[in-house]
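Working notes for the structure below.
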Amino acid sequence: MSYLYKLKNVEQYYDNKKVLNIDHLTLEDNQIIGLFGPNGSGKSTLLSLLSFINKPTTGEVSFNGIANHKLDLDSRQSIVILPQNPYLLKRTVFDNIIYGLKLRKEGDNLDEKVREALSLVGLDSSFSSRKWSALSGGEAQRVALAARLILKPKVLILDEPTSGVDTNSAQLIKEAVLQAKQKYNTTILVSSHDHNWLNHICDKKIALFQGELVQSGSVNLLFSPWQRDEQHNLVKVFLDGQELVIENSSEKKRDSVVMINSDNITICKKNCDYMINENTLMGKISSIHQEPSTDYLLVDFLISGVSFVCKLTRTEMQEQSLLPGDNININIDTKDVCWI
Amino acid sequence: MNLFTDGFDQAIELLISGNTSVYSAISTTITVSSWSLMISLLIGLPLGFALGYYNFPGKSIIRTLVDTLLALPTVVIGLIAYTMLSQVGPLGSYNLLFSQQAIILGQIVLGLPIIIALTAAQVESVDKRLYTSLKGLGAHSFQILTATLIEARFGIMTAAMTAYGRIITEIGISMMVGGNIKYHTRTVTTAIALETGKGEFVTGIALGLVLFAVALIVNIALSMLKRGWTQ
């Protein structure tokens, strides 16, 4: 099978500190691929390698089967990245949006193209004459996105595109990303802390932690602080006082991070006597959506403000008549958790 | 005080009367200083960009050297240029001594460190996100260079104005390698030195005011251009 991206033994160092270590990763064409993980987990570093802005310290990143050091300008220009906090040139909005086209020497119908790009991000064409300094943070972010969308790229890489913008701008950015996928068949790589959004749009999700690829798919990460019970096992104490004891964790450090696979979580709304025990937790469903490319449904729920996700079949969902806002009982099997 | 008021009156008179030697000195000054600045910019901008943008071994040594050259007295530059251009010097065969080209060469040595040092400082202070944004849009090295220089244009214009100010007011180079030849290599500054030496203080002050007026016009034009960019 041919992949759009293939990463092999990739390591990236900054100031002699390893910040990314990926033995093997393949990404397919024409998908929306989400990256998530805490700050400093290596998301931006990985995206900078995938956009070929930076070269890996060791290893190889290949695009359409061509290694990074052999990639020609055309292939490189088919990938564009919207960095976190993008920079707008000290020019008008129009000049900013057409900058990428000018680099590619595409000077036809600029007015029409700019109008279309602005409308994709929900901005009026009158914006095109505005100076860079006359834009709000959200408008600047949307103009920067329009400057990428106008290029109709093969791959669009978005590094936390909705961070630091208001709800309205974030929504418009999300819609524009989906439209780019539909209109131009663009492969989208997006990093975000918005798990809900990623769950909704992504065909594939990649979790990163401390520069390591944790697991692709629906996983839950549980961070410190931890307390210890009488058996010295680590205990996650939620704000409402509920406790989750991690079994066989007496040897683990108190700053450890636990990864819980969504398959190891059971939820129940009614007739739950069969599953309730002293470790059963209470939570509330926040959203339900279909896992892309499978028949499973993903249920996002909160335990005292901490977000989790689990998988159910459609039949299980119908039997329980689950809806967002429902209170549920939750059992988390902590025997097979993964420690990071 | 009379010297200044008389000098001002005479400056007006000299300009209105179309005094050929004064206009020749003004013309020579503007010609040589403009050529010097243009060539300094052509050489200095890419070098300043490279010095500010890239990290390479010996960068701090070059930076210190360029910064030191900022303080080089014009008379020393004139002396070095004289020895290079004289018949026994390595460039003697070009017969440039006591020509406008010789002044231009000397003034390039004067202006170049200013352009390089201030451009490097400006490029270093450009928002680091610019590189990621340009590269992420598919720009190659030359396109990044031009876009970075355009982004740093206000600072680079200040560098050009500073260099122009130093070039137009220098006397050591013009005197040593130009020779202060009337209607040929006499600049406003060498004319001031000559007139003051002859005891013609009022004429000296008049020429000084003319020089000030030229510098003022150039700066006003550049300020207007800068305002046009920011609005």
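Identifiers in the structure tokens: chain A, B, ... in order shown; residue index from 1 per chain; ligand index from 1 in order shown.
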
| Non-local contacts of A:Cys338 (12 Å; only C-alpha atoms; under 3 positions in same chain excluded) as a PyMOL selection string | chain A and resi 214-215+219-222+246-249+252+256-261+264+333-335

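Omitting B:Gly228 and its sequence neighbours fewer than 4 positions away, and counting only C-alpha atoms, the residues within 12 Å are Arg91 of chain A; Phe154, Ala221, Leu222, Ser223 and Met224 of chain B.
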
| Distance filter 6 Å, only C-alpha atoms, chain B against chain A, as JSON, numbers by chain | {"B": [129, 130, 136, 137, 138]}

| Counting only C-alpha atoms, what is within 7 Å of stretch 168-171 of chain B, bar same-chain residues fewer than 4 positions away, as an MDAnalysis selection string? | chainID B and resid 29 33 74 164 175 189:190

Given the selection you just returned, output its residues as a file containing C-alpha atoms, formatted as a PDB file, in the first residue's frame.
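What follows is the written file part.pdb:
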```
ATOM      1  CA  THR B  29      28.061  65.888  -3.166  1.00  0.00           C
ATOM      2  CA  SER B  33      26.900  60.238  -1.927  1.00  0.00           C
ATOM      3  CA  THR B  74      36.819  59.006   7.774  1.00  0.00           C
ATOM      4  CA  TYR B 164      23.477  58.665   4.035  1.00  0.00           C
ATOM      5  CA  MET B 175      39.639  65.540   0.795  1.00  0.00           C
ATOM      6  CA  THR B 189      32.184  69.631   2.980  1.00  0.00           C
ATOM      7  CA  THR B 190      35.574  70.115   1.314  1.00  0.00           C
TER       8      THR B 190
END
```

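Secondary structure from DSSP on the backbone puts alpha helix (DSSP H) at the following positions of stretch 183-329 of chain A: Lys183, Tyr184, His195, Asn196, Trp197, Leu198, Asn199, His200, Ile201, Arg314, Thr315, Glu316, Met317, Gln318, Glu319 and Gln320 of chain A.
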
Would you save the residues from that selection as a tab-separated table (two decimals), in the first residue's frame, using N, CA and C atoms?
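Just written: selection.tsv:
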```tsv
chain	number	residue	atom	x	y	z
A	183	LYS	N	-14.07	20.49	-0.96
A	183	LYS	CA	-13.93	21.16	-2.26
A	183	LYS	C	-12.65	20.77	-2.99
A	184	TYR	N	-11.56	20.64	-2.24
A	184	TYR	CA	-10.26	20.44	-2.90
A	184	TYR	C	-9.66	19.07	-2.63
A	195	HIS	N	-10.70	18.00	21.97
A	195	HIS	CA	-10.93	16.58	21.70
A	195	HIS	C	-12.26	16.34	21.01
A	196	ASN	N	-13.24	17.12	21.44
A	196	ASN	CA	-14.57	16.97	20.84
A	196	ASN	C	-14.53	17.18	19.34
A	197	TRP	N	-13.86	18.26	18.96
A	197	TRP	CA	-13.75	18.60	17.53
A	197	TRP	C	-12.99	17.51	16.78
A	198	LEU	N	-11.86	17.10	17.35
A	198	LEU	CA	-11.07	16.06	16.70
A	198	LEU	C	-11.88	14.76	16.56
A	199	ASN	N	-12.61	14.42	17.63
A	199	ASN	CA	-13.43	13.21	17.57
A	199	ASN	C	-14.46	13.29	16.45
A	200	HIS	N	-14.98	14.50	16.24
A	200	HIS	CA	-16.04	14.67	15.24
A	200	HIS	C	-15.51	14.58	13.81
A	201	ILE	N	-14.33	15.18	13.57
A	201	ILE	CA	-13.91	15.34	12.17
A	201	ILE	C	-12.85	14.36	11.70
A	314	ARG	N	-23.77	0.35	18.06
A	314	ARG	CA	-25.05	1.02	17.88
A	314	ARG	C	-26.16	0.30	18.69
A	315	THR	N	-26.07	-1.03	18.75
A	315	THR	CA	-27.07	-1.81	19.50
A	315	THR	C	-27.00	-1.46	20.98
A	316	GLU	N	-25.75	-1.42	21.52
A	316	GLU	CA	-25.61	-1.08	22.95
A	316	GLU	C	-26.19	0.30	23.24
A	317	MET	N	-25.94	1.20	22.29
A	317	MET	CA	-26.43	2.57	22.45
A	317	MET	C	-27.96	2.60	22.49
A	318	GLN	N	-28.57	1.85	21.58
A	318	GLN	CA	-30.04	1.85	21.50
A	318	GLN	C	-30.65	1.18	22.74
A	319	GLU	N	-30.01	0.10	23.22
A	319	GLU	CA	-30.53	-0.59	24.42
A	319	GLU	C	-30.55	0.36	25.62
A	320	GLN	N	-29.53	1.19	25.70
A	320	GLN	CA	-29.41	2.09	26.85
A	320	GLN	C	-30.14	3.42	26.64
```

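Every protein or nucleic acid residue with an atom no more than 12 Å from A:Lys17, counting only C-alpha atoms and leaving out same-chain residues fewer than 4 positions away, appears here: Glu11, Gln12, Tyr13, Asn21, Thr57, Gln210 and Gly211 of chain A.
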
| task | Name the residues of stretch 43-267 of chain A that fall into strand (DSSP E or B) according to DSSP on the backbone, using the chain letters and numbers of this document, as a ChimeraX atom specification. | result | /A:58-63,66-67,79-82,92,131,155-159,187-191,204-209,212-216,219-222,227-228,234-237,243-245,258-261,265-267

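Using only C-alpha atoms, the smallest distance between any of B:Pro73, B:Gly165, B:Gly78, B:Gly172 and B:Leu216 comes from B:Gly165.
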
Exercise: B:Asp6 partners within 9 Å, only C-alpha atoms, chain neighbours under 5 positions left out, as a CSV table (one decimal) with C-alpha atoms, in the first residue's frame:
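The resulting file, selection24.csv, is reproduced below:
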```
chain,number,residue,atom,x,y,z
B,1,MET,CA,25.4,85.4,16.1
B,11,ALA,CA,23.3,80.9,1.6
B,202,VAL,CA,30.3,83.4,6.3
B,205,ILE,CA,28.4,78.7,7.2
B,206,ALA,CA,26.4,79.3,4.0
```

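When only C-alpha atoms are used to measure the gap to B:Ser60, the shortest distance among B:Leu149, B:Arg186, B:Leu41, B:Ala117 belongs to B:Ala117.
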
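Here atom CA of A:Ile32 stands at a distance of 6.0 Å from atom CA of A:Thr187.
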
| request: Grab the atom CA of B:Pro113 to atom CA of B:Lys59 distance for me, in Å with one decimal place. | output: 14.7 Å

| query | How far is it from atom CA of A:Leu172 to atom CA of A:Ser192, in Å with one decimal? | reply | 15.5 Å

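Around A:Asn331, within 10 Å and counting only C-alpha atoms, the residues found are Leu244, Asn264, Ile265, Thr266, Ile267, Cys268, Met275, Ile276, Asn277, Glu278, Asn279, Thr280, Leu281 and Met282 of chain A, once anything fewer than 4 positions away on its own chain is removed.
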
For the selection you just gave me, I'd like the residues written to a file as a PDB file, in the first residue's frame, keeping N, CA and C atoms.
```
ATOM      1  N   LEU A 244     -10.591   7.201  41.614  1.00  0.00           N
ATOM      2  CA  LEU A 244     -10.296   6.105  40.686  1.00  0.00           C
ATOM      3  C   LEU A 244      -8.958   5.507  41.103  1.00  0.00           C
ATOM      4  N   ASN A 264     -11.579  -0.172  27.422  1.00  0.00           N
ATOM      5  CA  ASN A 264     -11.556  -0.626  28.821  1.00  0.00           C
ATOM      6  C   ASN A 264     -12.516   0.153  29.710  1.00  0.00           C
ATOM      7  N   ILE A 265     -13.404   0.893  29.084  1.00  0.00           N
ATOM      8  CA  ILE A 265     -14.367   1.671  29.862  1.00  0.00           C
ATOM      9  C   ILE A 265     -15.781   1.149  29.558  1.00  0.00           C
ATOM     10  N   THR A 266     -16.533   0.907  30.614  1.00  0.00           N
ATOM     11  CA  THR A 266     -17.919   0.462  30.452  1.00  0.00           C
ATOM     12  C   THR A 266     -18.837   1.534  31.041  1.00  0.00           C
ATOM     13  N   ILE A 267     -19.898   1.857  30.299  1.00  0.00           N
ATOM     14  CA  ILE A 267     -20.840   2.836  30.844  1.00  0.00           C
ATOM     15  C   ILE A 267     -22.244   2.233  30.841  1.00  0.00           C
ATOM     16  N   CYS A 268     -23.071   2.748  31.746  1.00  0.00           N
ATOM     17  CA  CYS A 268     -24.427   2.206  31.852  1.00  0.00           C
ATOM     18  C   CYS A 268     -25.347   3.295  32.402  1.00  0.00           C
ATOM     19  N   MET A 275     -23.238  -4.151  37.186  1.00  0.00           N
ATOM     20  CA  MET A 275     -21.863  -3.619  37.078  1.00  0.00           C
ATOM     21  C   MET A 275     -21.441  -2.746  38.256  1.00  0.00           C
ATOM     22  N   ILE A 276     -22.384  -2.317  39.057  1.00  0.00           N
ATOM     23  CA  ILE A 276     -22.018  -1.353  40.117  1.00  0.00           C
ATOM     24  C   ILE A 276     -21.232  -2.035  41.237  1.00  0.00           C
ATOM     25  N   ASN A 277     -20.109  -1.465  41.580  1.00  0.00           N
ATOM     26  CA  ASN A 277     -19.297  -1.911  42.725  1.00  0.00           C
ATOM     27  C   ASN A 277     -18.697  -0.681  43.386  1.00  0.00           C
ATOM     28  N   GLU A 278     -17.785  -0.898  44.342  1.00  0.00           N
ATOM     29  CA  GLU A 278     -17.277   0.272  45.105  1.00  0.00           C
ATOM     30  C   GLU A 278     -16.404   1.190  44.245  1.00  0.00           C
ATOM     31  N   ASN A 279     -15.976   0.710  43.072  1.00  0.00           N
ATOM     32  CA  ASN A 279     -15.129   1.545  42.204  1.00  0.00           C
ATOM     33  C   ASN A 279     -15.921   2.245  41.102  1.00  0.00           C
ATOM     34  N   THR A 280     -17.217   2.019  41.041  1.00  0.00           N
ATOM     35  CA  THR A 280     -18.018   2.637  39.980  1.00  0.00           C
ATOM     36  C   THR A 280     -18.094   4.153  40.180  1.00  0.00           C
ATOM     37  N   LEU A 281     -17.890   4.861  39.081  1.00  0.00           N
ATOM     38  CA  LEU A 281     -17.899   6.329  39.134  1.00  0.00           C
ATOM     39  C   LEU A 281     -19.163   6.851  38.469  1.00  0.00           C
ATOM     40  N   MET A 282     -19.477   8.096  38.772  1.00  0.00           N
ATOM     41  CA  MET A 282     -20.637   8.751  38.149  1.00  0.00           C
ATOM     42  C   MET A 282     -20.138   9.843  37.201  1.00  0.00           C
TER      43      MET A 282
END
```

| task | Find the residues around stretch 21-27 of chain B up to 7 Å (only C-alpha atoms counted), leave out those fewer than 4 positions away in its own chain, and share them as a ChimeraX atom specification. | result | /B:31,183,186-188

Output file for the residues above (C-alpha atoms, as a short mmCIF file (atom, residue, chain, number, x, y, z; two decimals), in the first residue's frame):
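selection-v7.cif written:
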```
data_model
loop_
_atom_site.label_atom_id
_atom_site.label_comp_id
_atom_site.auth_asym_id
_atom_site.auth_seq_id
_atom_site.Cartn_x
_atom_site.Cartn_y
_atom_site.Cartn_z
CA THR B 31 26.13 62.46 -7.05
CA TYR B 183 34.16 71.75 -10.55
CA ARG B 186 34.94 69.52 -4.66
CA THR B 187 32.08 68.56 -2.38
CA VAL B 188 30.17 70.83 -0.02
#
```
